[in-house]
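Next comes structure_22.tsv, a file with TSV, C-alpha atoms.
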chain	number	residue	atom	x	y	z
A	1	MET	CA	11.33	-20.79	-8.61
A	2	ARG	CA	10.47	-17.14	-7.99
A	3	ILE	CA	6.73	-16.86	-7.38
A	4	ARG	CA	4.68	-13.68	-7.62
A	5	LEU	CA	1.76	-13.34	-5.21
A	6	ASP	CA	-0.93	-10.70	-5.69
A	7	LEU	CA	-2.82	-9.99	-2.46
A	8	ALA	CA	-5.62	-7.86	-1.06
A	9	TYR	CA	-6.19	-7.33	2.66
A	10	ASP	CA	-8.12	-5.44	5.28
A	11	GLY	CA	-5.38	-3.89	7.39
A	12	THR	CA	-7.58	-3.18	10.43
A	13	ASP	CA	-6.31	-6.02	12.61
A	14	PHE	CA	-2.72	-6.07	11.35
A	15	HIS	CA	0.30	-4.30	12.78
A	16	GLY	CA	1.31	-3.41	9.23
A	17	TRP	CA	2.90	-5.56	6.57
A	18	ALA	CA	6.32	-6.36	8.02
A	19	ARG	CA	6.82	-9.38	10.25
A	20	GLN	CA	7.20	-8.48	13.96
A	21	PRO	CA	7.72	-10.78	16.95
A	22	HIS	CA	4.47	-11.54	18.82
A	23	LEU	CA	2.39	-9.22	16.61
A	24	ARG	CA	-0.07	-10.09	13.84
A	25	THR	CA	1.18	-8.82	10.48
A	26	VAL	CA	0.31	-9.53	6.86
A	27	GLN	CA	3.77	-10.86	6.05
A	28	GLY	CA	3.70	-13.05	9.14
A	29	GLU	CA	0.32	-14.57	8.24
A	30	VAL	CA	1.23	-15.28	4.62
A	31	GLU	CA	4.62	-16.76	5.52
A	32	LYS	CA	2.94	-18.89	8.20
A	33	ALA	CA	0.43	-20.22	5.66
A	34	LEU	CA	3.16	-20.97	3.12
A	35	SER	CA	5.30	-22.71	5.73
A	36	MET	CA	2.39	-24.91	6.80
A	37	ILE	CA	1.45	-25.88	3.23
A	38	LEU	CA	5.06	-26.63	2.28
A	39	ARG	CA	5.87	-28.28	5.64
A	40	ILE	CA	8.90	-26.09	6.28
A	41	ASN	CA	10.95	-27.59	9.10
A	42	LYS	CA	13.98	-25.61	10.23
A	43	ALA	CA	15.12	-28.51	12.41
A	44	GLN	CA	15.46	-30.60	9.26
A	45	GLY	CA	17.47	-27.93	7.49
A	46	ASP	CA	14.73	-26.10	5.57
A	47	ASP	CA	15.43	-22.40	5.09
A	48	PRO	CA	12.65	-20.05	6.24
A	49	LEU	CA	10.40	-18.60	3.54
A	50	LEU	CA	10.85	-14.84	3.14
A	51	LEU	CA	8.47	-12.58	1.23
A	52	VAL	CA	9.67	-9.44	-0.59
A	53	VAL	CA	6.90	-6.84	-0.99
A	54	ALA	CA	6.24	-3.94	-3.35
A	55	GLY	CA	5.32	-1.56	-0.53
A	56	ARG	CA	5.31	-2.05	3.25
A	57	THR	CA	1.95	-0.82	4.50
A	58	ASP	CA	1.71	0.62	8.01
A	59	THR	CA	-0.52	-0.52	10.86
A	60	GLY	CA	-4.17	-0.25	9.86
A	61	VAL	CA	-3.49	0.44	6.16
A	62	HIS	CA	-5.30	-1.68	3.57
A	63	ALA	CA	-4.40	-3.04	0.14
A	64	ARG	CA	-6.53	-3.93	-2.85
A	65	ALA	CA	-3.54	-4.87	-5.02
A	66	GLN	CA	-0.37	-5.63	-3.07
A	67	VAL	CA	2.41	-7.52	-4.86
A	68	CYS	CA	5.14	-9.67	-3.33
A	69	HIS	CA	7.51	-12.42	-4.41
A	70	ILE	CA	9.08	-15.43	-2.77
A	71	ASP	CA	11.83	-17.82	-3.89
A	72	ILE	CA	10.96	-21.49	-3.32
A	73	PRO	CA	13.21	-24.42	-4.38
A	74	GLU	CA	11.30	-26.71	-6.71
A	75	GLU	CA	11.73	-29.71	-4.43
A	76	ILE	CA	10.10	-27.71	-1.61
A	77	LEU	CA	7.34	-26.42	-3.89
A	78	SER	CA	6.45	-29.99	-4.86
A	79	ARG	CA	5.34	-30.62	-1.27
A	80	ALA	CA	2.20	-28.58	-2.04
A	81	LEU	CA	0.94	-31.36	-4.33
A	82	GLY	CA	-0.15	-33.97	-1.80
A	83	HIS	CA	-2.80	-35.99	-3.64
A	84	MET	CA	-3.67	-33.21	-6.08
A	85	LYS	CA	-3.31	-33.89	-9.81
A	86	SER	CA	-2.03	-30.52	-10.93
A	87	SER	CA	1.20	-28.57	-11.17
A	88	PRO	CA	2.92	-27.73	-7.87
A	89	LEU	CA	2.22	-24.02	-8.45
A	90	GLU	CA	-1.49	-24.64	-9.05
A	91	ALA	CA	-1.60	-26.78	-5.91
A	92	LEU	CA	0.07	-24.03	-3.89
A	93	GLU	CA	-2.45	-21.46	-5.15
A	94	HIS	CA	-5.39	-23.75	-4.33
A	95	ARG	CA	-4.18	-24.48	-0.82
A	96	LEU	CA	-3.27	-20.87	-0.05
A	97	ARG	CA	-6.79	-19.73	-0.90
A	98	HIS	CA	-8.14	-22.12	1.73
A	99	VAL	CA	-5.52	-21.48	4.43
A	100	LEU	CA	-5.15	-17.70	4.48
A	101	PRO	CA	-7.28	-15.85	7.07
A	102	ALA	CA	-10.47	-14.10	5.97
A	103	ASP	CA	-8.88	-10.62	5.99
A	104	ILE	CA	-6.29	-11.63	3.36
A	105	THR	CA	-7.28	-12.63	-0.19
A	106	LEU	CA	-4.96	-14.25	-2.70
A	107	LEU	CA	-5.75	-12.60	-6.03
A	108	ALA	CA	-3.19	-14.46	-8.15
A	109	CYS	CA	-0.23	-16.82	-7.85
A	110	SER	CA	2.16	-17.12	-10.79
A	111	GLU	CA	5.74	-17.86	-11.77
A	112	ALA	CA	7.57	-14.52	-11.92
A	113	PRO	CA	9.27	-13.52	-15.17
A	114	GLU	CA	13.06	-13.43	-15.25
A	115	GLY	CA	14.42	-10.34	-13.50
A	116	PHE	CA	11.22	-9.65	-11.55
A	117	ASP	CA	11.59	-8.11	-8.10
A	118	ALA	CA	8.34	-7.10	-6.40
A	119	ARG	CA	9.98	-4.13	-4.72
A	120	PHE	CA	12.70	-2.86	-7.03
A	121	SER	CA	11.10	-3.63	-10.41
A	122	ALA	CA	8.01	-1.54	-9.64
A	123	LEU	CA	7.54	1.62	-11.68
A	124	GLU	CA	4.99	3.27	-9.41
A	125	ARG	CA	2.52	2.74	-6.58
A	126	THR	CA	-0.96	4.23	-6.32
A	127	TYR	CA	-2.60	4.98	-2.97
A	128	VAL	CA	-6.09	6.36	-2.27
A	129	PHE	CA	-7.15	7.97	1.01
A	130	ARG	CA	-10.93	8.12	1.61
A	131	ILE	CA	-12.66	10.58	3.96
A	132	ALA	CA	-16.32	10.99	4.93
A	133	ASP	CA	-16.82	14.62	5.96
A	134	THR	CA	-20.16	16.26	6.82
A	135	LEU	CA	-20.98	16.65	3.11
A	136	SER	CA	-21.17	12.87	2.80
A	137	ARG	CA	-22.79	10.25	5.00
A	138	PRO	CA	-20.57	7.86	6.98
A	139	ASP	CA	-21.60	4.28	6.30
A	140	PRO	CA	-20.91	1.58	8.91
A	141	LEU	CA	-20.13	-0.87	6.10
A	142	LEU	CA	-17.13	1.31	5.19
A	143	ARG	CA	-15.99	2.08	8.73
A	144	HIS	CA	-12.70	0.17	8.34
A	145	CYS	CA	-11.59	1.89	5.12
A	146	VAL	CA	-13.03	5.43	5.34
A	147	LEU	CA	-12.00	8.06	7.88
A	148	PRO	CA	-14.88	10.14	9.30
A	149	ILE	CA	-14.22	13.85	9.87
A	150	THR	CA	-16.90	15.91	11.62
A	151	LYS	CA	-16.33	19.13	9.67
A	152	PRO	CA	-16.87	19.97	5.98
A	153	LEU	CA	-13.69	20.03	3.90
A	154	ASP	CA	-13.40	22.39	0.93
A	155	LEU	CA	-12.49	20.44	-2.21
A	156	ASP	CA	-10.97	23.45	-3.99
A	157	THR	CA	-8.63	24.16	-1.07
A	158	LEU	CA	-7.57	20.53	-0.91
A	159	ASN	CA	-6.71	20.58	-4.61
A	160	GLN	CA	-4.77	23.84	-4.26
A	161	CYS	CA	-2.51	21.88	-1.91
A	162	ALA	CA	-2.47	18.74	-4.05
A	163	LEU	CA	-1.32	20.68	-7.12
A	164	LEU	CA	1.89	21.56	-5.24
A	165	ILE	CA	2.86	17.93	-4.53
A	166	PRO	CA	3.90	16.35	-7.89
A	167	GLY	CA	7.53	16.36	-8.94
A	168	LEU	CA	10.88	15.14	-7.66
A	169	LYS	CA	11.10	16.55	-4.13
A	170	ASP	CA	12.47	15.95	-0.67
A	171	PHE	CA	9.39	15.09	1.38
A	172	GLY	CA	11.29	15.32	4.66
A	173	SER	CA	8.51	17.44	6.23
A	174	PHE	CA	6.09	14.57	5.73
A	175	ALA	CA	8.14	11.39	6.08
A	176	THR	CA	10.97	9.65	7.87
A	177	PRO	CA	13.71	7.82	5.95
A	178	ASN	CA	14.76	4.25	6.49
A	179	PRO	CA	18.26	3.86	7.97
A	180	GLY	CA	20.71	4.95	5.29
A	181	GLY	CA	17.82	6.02	3.05
A	182	THR	CA	16.30	9.29	1.90
A	183	THR	CA	12.93	11.06	1.79
A	184	ILE	CA	13.41	12.12	-1.84
A	185	ARG	CA	10.59	10.75	-3.99
A	186	GLU	CA	9.06	11.51	-7.39
A	187	VAL	CA	5.31	12.04	-7.17
A	188	LYS	CA	3.66	11.71	-10.59
A	189	LYS	CA	0.04	12.57	-9.70
A	190	ALA	CA	-1.82	13.95	-6.68
A	191	PHE	CA	-5.44	15.09	-6.68
A	192	TRP	CA	-8.68	15.13	-4.69
A	193	LYS	CA	-12.18	14.38	-5.94
A	194	ARG	CA	-15.58	13.88	-4.40
A	195	THR	CA	-17.39	10.73	-5.48
A	196	PRO	CA	-20.79	11.36	-7.08
A	197	VAL	CA	-23.84	11.37	-4.83
A	198	GLU	CA	-25.86	8.58	-6.43
A	199	PRO	CA	-29.42	7.97	-5.23
A	200	ARG	CA	-30.77	4.46	-5.85
A	201	ASP	CA	-34.26	3.70	-7.13
A	202	ASN	CA	-35.67	3.75	-3.59
A	203	GLY	CA	-34.10	7.14	-2.84
A	204	ASP	CA	-31.30	5.83	-0.59
A	205	LEU	CA	-27.74	6.77	-1.49
A	206	ALA	CA	-25.39	4.28	-3.14
A	207	LEU	CA	-22.50	2.96	-1.05
A	208	GLY	CA	-19.66	5.49	-0.93
A	209	SER	CA	-21.65	8.46	-2.23
A	210	GLY	CA	-20.08	11.85	-1.55
A	211	LEU	CA	-16.75	10.61	-0.18
A	212	LEU	CA	-13.59	12.66	-0.56
A	213	GLU	CA	-10.82	10.65	-2.24
A	214	PHE	CA	-7.15	11.65	-2.41
A	215	THR	CA	-5.21	9.77	-5.10
A	216	ILE	CA	-1.43	9.88	-5.17
A	217	VAL	CA	0.93	8.09	-7.56
A	218	ALA	CA	4.70	7.95	-7.03
A	219	ASP	CA	7.72	5.85	-7.87
A	220	ALA	CA	7.82	4.91	-4.18
A	221	PHE	CA	6.82	6.31	-0.79
A	222	ALA	CA	8.77	7.03	2.37
A	223	HIS	CA	7.49	5.97	5.80
A	224	ASN	CA	4.26	7.83	6.79
A	225	MET	CA	4.52	10.03	3.69
A	226	VAL	CA	0.97	9.66	2.32
A	227	ARG	CA	-0.75	9.91	5.69
A	228	SER	CA	1.28	12.98	6.64
A	229	LEU	CA	0.52	14.70	3.34
A	230	VAL	CA	-3.18	13.98	3.83
A	231	GLY	CA	-3.10	15.20	7.43
A	232	ALA	CA	-1.49	18.50	6.45
A	233	GLN	CA	-3.94	19.09	3.60
A	234	VAL	CA	-6.90	18.42	5.90
A	235	VAL	CA	-5.53	20.98	8.39
A	236	VAL	CA	-5.43	23.54	5.57
A	237	ALA	CA	-8.95	22.64	4.36
A	238	GLN	CA	-10.22	23.14	7.92
A	239	GLY	CA	-8.81	26.68	7.94
A	240	LYS	CA	-6.19	25.98	10.61
A	241	LYS	CA	-3.26	26.55	8.24
A	242	SER	CA	-2.82	28.26	4.87
A	243	VAL	CA	-1.95	26.89	1.45
A	244	GLU	CA	1.22	28.98	1.71
A	245	TRP	CA	2.16	27.11	4.89
A	246	PHE	CA	1.74	23.80	3.06
A	247	ALA	CA	3.88	25.09	0.18
A	248	SER	CA	6.60	26.13	2.64
A	249	LYS	CA	6.70	22.64	4.13
A	250	LEU	CA	7.29	21.20	0.66
A	251	ALA	CA	9.95	23.81	-0.13
A	252	SER	CA	11.90	23.48	3.14
A	253	PRO	CA	11.70	19.89	4.44
A	254	SER	CA	11.76	19.62	8.23
A	255	ARG	CA	9.64	17.84	10.83
A	256	GLU	CA	8.34	20.13	13.57
A	257	GLY	CA	5.34	18.22	14.89
A	258	GLN	CA	2.68	19.91	12.75
A	259	THR	CA	2.79	17.50	9.80
A	260	GLY	CA	2.25	14.17	11.51
A	261	PRO	CA	0.36	11.25	9.96
A	262	ILE	CA	-3.43	11.13	9.98
A	263	ASP	CA	-5.41	8.07	11.15
A	264	PRO	CA	-4.48	5.14	8.86
A	265	ARG	CA	-7.91	3.61	8.32
A	266	GLY	CA	-8.70	5.69	5.23
A	267	LEU	CA	-5.58	4.62	3.31
A	268	THR	CA	-5.52	1.84	0.71
A	269	LEU	CA	-2.79	0.65	-1.66
A	270	GLU	CA	-4.70	0.43	-4.94
A	271	HIS	CA	-2.17	-0.54	-7.61
A	272	VAL	CA	1.48	-1.39	-8.30
A	273	ALA	CA	2.70	-0.94	-11.88
A	274	TYR	CA	5.60	-2.82	-13.51
A	275	PRO	CA	7.41	-2.43	-16.85
A	276	ALA	CA	7.39	-4.97	-19.66
A	277	ASP	CA	8.98	-8.29	-18.76
A	278	ASN	CA	12.18	-7.57	-20.70
A	279	LEU	CA	12.76	-4.41	-18.63
A	280	LEU	CA	12.16	-5.87	-15.15
A	281	GLY	CA	15.81	-6.61	-14.38
A	282	SER	CA	17.19	-3.27	-15.58
A	283	ARG	CA	14.50	-1.40	-13.65
A	284	ALA	CA	15.38	-3.27	-10.45
A	285	GLN	CA	19.07	-2.53	-10.91
A	286	ALA	CA	18.50	1.17	-11.58
A	287	ILE	CA	16.11	1.78	-8.66
A	288	ARG	CA	18.51	0.32	-6.11
A	289	ALA	CA	20.60	3.47	-6.48
A	290	LYS	CA	20.03	6.05	-3.74
A	291	ARG	CA	17.73	8.88	-4.90
A	292	THR	CA	18.98	12.46	-5.28
A	293	LEU	CA	17.32	15.68	-6.43
A	294	GLU	CA	19.61	15.86	-9.50
I need this file expressed as structure tokens, please.
Amino acid sequence: MRIRLDLAYDGTDFHGWARQPHLRTVQGEVEKALSMILRINKAQGDDPLLLVVAGRTDTGVHARAQVCHIDIPEEILSRALGHMKSSPLEALEHRLRHVLPADITLLACSEAPEGFDARFSALERTYVFRIADTLSRPDPLLRHCVLPITKPLDLDTLNQCALLIPGLKDFGSFATPNPGGTTIREVKKAFWKRTPVEPRDNGDLALGSGLLEFTIVADAFAHNMVRSLVGAQVVVAQGKKSVEWFASKLASPSREGQTGPIDPRGLTLEHVAYPADNLLGSRAQAIRAKRTLE
């Protein structure tokens, strides 16, 4: 059975999504929990459980709506039942909610429709980067998911840069490809906004008032792409570079050390969109093709 898992996590104490030897990762923790619940024993011939994810988040990056899938033989899945009087899938969901660490939340656990692939069936991913500049007030409750910057950032300048981002482009100035891959991506939306400053009845500000938020939606993202785009836009908004410089980096992709990724703590994966169930398989097949600018 192919199972879809919807997760949220605080990425602060994780070395990213992908499993790494001797390091704490989101994939490693979820696979460990699944293996414990299902009593996976390699010595007895059980195959390891392997998660496939919609988007591999980097070290320190968070997710409010990550999606992954895992294939589990039904005889293995039945081990989740124990003494529970429910379906094996319901038992797995119940036990996962109690076993996962506090910085990972299981939002949903369901049987995936035919043709579903968490990575290749996805239509688009949405990320939001949150910044507290001097025009807002850093809140210690948000310290893990908002990046403080000690200078004011001009919203109009940020959006002059953001307007240049959408479209099918080679983002080689802001990303590194996977082996055999490409930095060509189609960005559908990119914009900045400042959250309203909302005083409460007692005069204090509501949580998150005045934050700068950068929202970007694309079919997929290359490694470090969002953080590098944010970092370059912040440099422009601080007056260190011009909007024309940013435009030139989009027009002529090359890494020269001036478009590196910004601190990851402000970045959160907010949403992964999928087509209708009857289009999942064809979408997965089409997206496996290597991207070009044509």
For segment 183-232 of chain A against segment 281-291 of chain A, with a cut-off of 9 Å and counting all atoms listed in the file, what is the closest atom pair and its distance in Å to one decimal for every residue that makes the cut, ordered by chain and number, as JSON lines?
{"residue": "A:Thr183", "atom": "CA", "partner": "A:Arg291", "partner_atom": "CA", "distance": 8.5}
{"residue": "A:Ile184", "atom": "CA", "partner": "A:Arg291", "partner_atom": "CA", "distance": 6.2}
{"residue": "A:Arg185", "atom": "CA", "partner": "A:Arg291", "partner_atom": "CA", "distance": 7.4}
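Among the candidate residues A:Gly266, A:Gly167, A:Gly45, A:Gly55, the one lying nearest to Ala251 of chain A is A:Gly167, with distances computed using all atoms listed in the file.
Proximity to segment 26-34 of chain A at 7 Å, evaluated using all atoms listed in the file and with sequence-adjacent residues fewer than 5 positions away removed, yields Phe14, Gly16, Trp17, Ala18, Arg19, Leu49, Leu50, Leu51, Leu96, Val99 and Leu100 of chain A.
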Give me the segment 49-130 of chain A side of the contact with segment 227-241 of chain A, cut-off 10 Å, one line per residue showing its nearest atom pair and distance in Å at one decimal, counting only C-alpha atoms, sorted by chain and residue number, as a tab-separated table.
residue	atom	partner	partner_atom	distance
A:Asp58	CA	A:Arg227	CA	9.9
A:Val61	CA	A:Arg227	CA	9.9
A:Phe129	CA	A:Val230	CA	7.7
A:Arg130	CA	A:Val230	CA	10.0
### Query
Looking at A:Arg95, A:Lys169, A:His69, A:Lys151, which one is nearest to Thr134 of chain A, with distances taken over only C-alpha atoms?
A:Lys151
### Task
Go through A:Glu244, A:Pro140, A:Glu213, A:Glu93 and flag the residue nearest Cys161 of chain A, using all atoms listed in the file for the distances.
A:Glu244
### Task
Kindly extract all protein, DNA and RNA residues lying within 6 Å of the coordinates (-0.1, 9.7, -5.1) given in the file, considering only C-alpha atoms, and supply them as a PyMOL selection string.
chain A and resi 126-127+189-190+215-218
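Restricting the calculation to all atoms listed in the file, the smallest distance between Ala247 of chain A and any of A:Leu163, A:Leu269, A:Val197, A:Val52 is found for A:Leu163.
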### Query
Which of these residues is nearest to Ser254 of chain A, using only C-alpha atoms: A:Ser86, A:Ser173, A:Ser121, A:Asn278?
A:Ser173
### Query
From the set A:Asn41, A:Thr292, A:Thr57, A:Ser242, which residue has the shortest atom-to-atom contact distance to Leu168 of chain A, counting only C-alpha atoms?
A:Thr292
### Query
Could you work out how far atom CA of Leu142 of chain A lies from atom CA of Leu7 of chain A, giving the answer in Å with one decimal?
19.8 Å
### Message
Excluding Leu38 of chain A and its own-chain neighbours fewer than 4 positions away, which residues fall within 7 Å of it when counting all atoms listed in the file? Please give them as a PyMOL selection string.
### Response
chain A and resi 34+76-77+79-80
### Task
Compute the distance from (-15.1, 11.4, -6.6) to each atom, counting all atoms listed in the file, keep the residues with any atom at most 10 Å away, and return them as a PyMOL selection string; use the coordinates of the file.
chain A and resi 130+192-197+208-214
I'd like the box whose edges run along x, y and z of the file and which contains every listed atom of segment 159-168 of chain A, padded by 4 Å per side; could you state its centre and edge lengths in Å, one decimal, as AutoDock Vina command-line options?
--center_x 2.1 --center_y 19.5 --center_z -5.4 --size_x 25.6 --size_y 16.7 --size_z 15.0
